[in-house]
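Remarks on the structure that follows.
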Amino acid sequence: MENLELQRVVILLHGLGRTARCFKLLEKHLKQEGYRVINQSYPSRHYKIEDLAEIAIPNALKECPKDAPISFVTHSLGGILVREYLRKHTIENLDRVVMLGPPNHGSEIVDKLGWLPGFIFINGPAGLQLETKPDGYLAQLGPVNFKLGIVAGTLNKGWYLEKFLPEPNDGKVTVASTRITGEADHICLPISHGFMMNKPMVIEQVLAFLKTGSFKHQKS
């Protein structure tokens, strides 16, 4: 008999220069909701995005039970890894994807500061790929064809780097850059880029999209 009670899986992918530790709070909440969670680390500052996707995602998928519905929750660069992987591979039992602050069209910060000698030392080869040029790497990824919800931040106070970004932005990525053709839902919240995954309002929206395929939008 077909098993109709397969535990749903959520793979967490952190952003550039971060580790799985930044997702510990969200991991706790997801487990409380009954998800099996794979909080995947990867060497974000050492390889290009194409290589990082082939390192992080297959390793996470190996930990997933056969035939279990698989969702992703990503922060920043982690979302680009999912897009890169899914343009070359198919995950048959892919359910939903939530991206937090994804630089889908890059960041003007890279355009302005990527030439500095210290930039690649701090951000690695993947960081240099996050430019906004129309003929750059990100422009090659194209639209998405999976169930995607995007959370964008609009709080940039306290960041020095926001001066390079058009409004609105989260201090690292503009709201416009987070959007992508094919997205199922999009929501803007008053949060900044760095630790948005720990904000209660973000956790609430992540859980809502994973359960229903849409965010909790305030009624006007």
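Note on naming: chains are A, B, ... as they come in the structure tokens, residues start from 1 per chain, ligands start from 1 in the order shown.
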Excluding A:Phe195 and its own-chain neighbours fewer than 3 positions away, which residues fall within 12 Å of it when counting only C-alpha atoms? Please give them as a compact mmCIF listing (two decimals) with C-alpha atoms, in the first residue's frame.
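File result.txt, as written:
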# COMPACT_ATOMS: atom_id res chain seq x y z
CA HIS A 14 22.29 29.68 4.11
CA GLY A 15 23.77 32.66 2.32
CA ARG A 18 27.34 32.18 6.60
CA ARG A 21 24.04 28.00 12.48
CA CYS A 22 22.14 31.03 11.20
CA PHE A 23 19.13 28.79 10.50
CA LYS A 24 19.01 27.08 13.92
CA LEU A 25 15.96 29.01 15.14
CA LEU A 26 13.96 28.38 11.98
CA HIS A 75 18.67 32.89 2.45
CA SER A 76 20.32 35.19 -0.11
CA LEU A 100 14.58 35.09 1.82
CA GLY A 101 16.25 38.17 0.34
CA GLY A 153 13.25 43.19 3.20
CA LEU A 155 14.76 47.95 6.33
CA ASP A 170 17.26 45.53 2.85
CA GLY A 171 20.80 46.92 3.06
CA LYS A 172 22.23 44.36 0.64
CA ILE A 191 13.46 43.57 7.95
CA SER A 192 17.14 43.88 7.04
CA ASN A 198 15.33 34.78 12.74
CA LYS A 199 12.54 37.34 12.75
CA PRO A 200 9.19 36.03 14.06
CA VAL A 202 9.53 35.88 8.68
CA ILE A 203 9.19 32.51 10.39
Could you go through stretch 122-153 of chain A and tell me which residues DSSP, when run on the backbone, assigns to alpha helix (DSSP H), listing them as a PyMOL selection string?
chain A and resi 122-128
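Taking atom CA of A:Leu12 and atom CA of A:Ser107 as endpoints, the distance between them is 22.1 Å.
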Would you mind listing what lies within 10 Å of A:Ile122 as an MDAnalysis selection string, with only C-alpha atoms counted and same-chain residues fewer than 4 positions away left out?
chainID A and resid 16:17 45:46 117:118 127
For A:Ala68, find every residue with an atom within 8 Å (counting only C-alpha atoms), except residues of its own chain fewer than 6 positions away, and show them as a VMD selection string.
chain A and resid 6 to 9 93
In stretch 5-203 of chain A, DSSP strand (DSSP E) residues written as a PyMOL selection string
chain A and resi 9-13+36-40+70-75+94-100+147-153+185-189
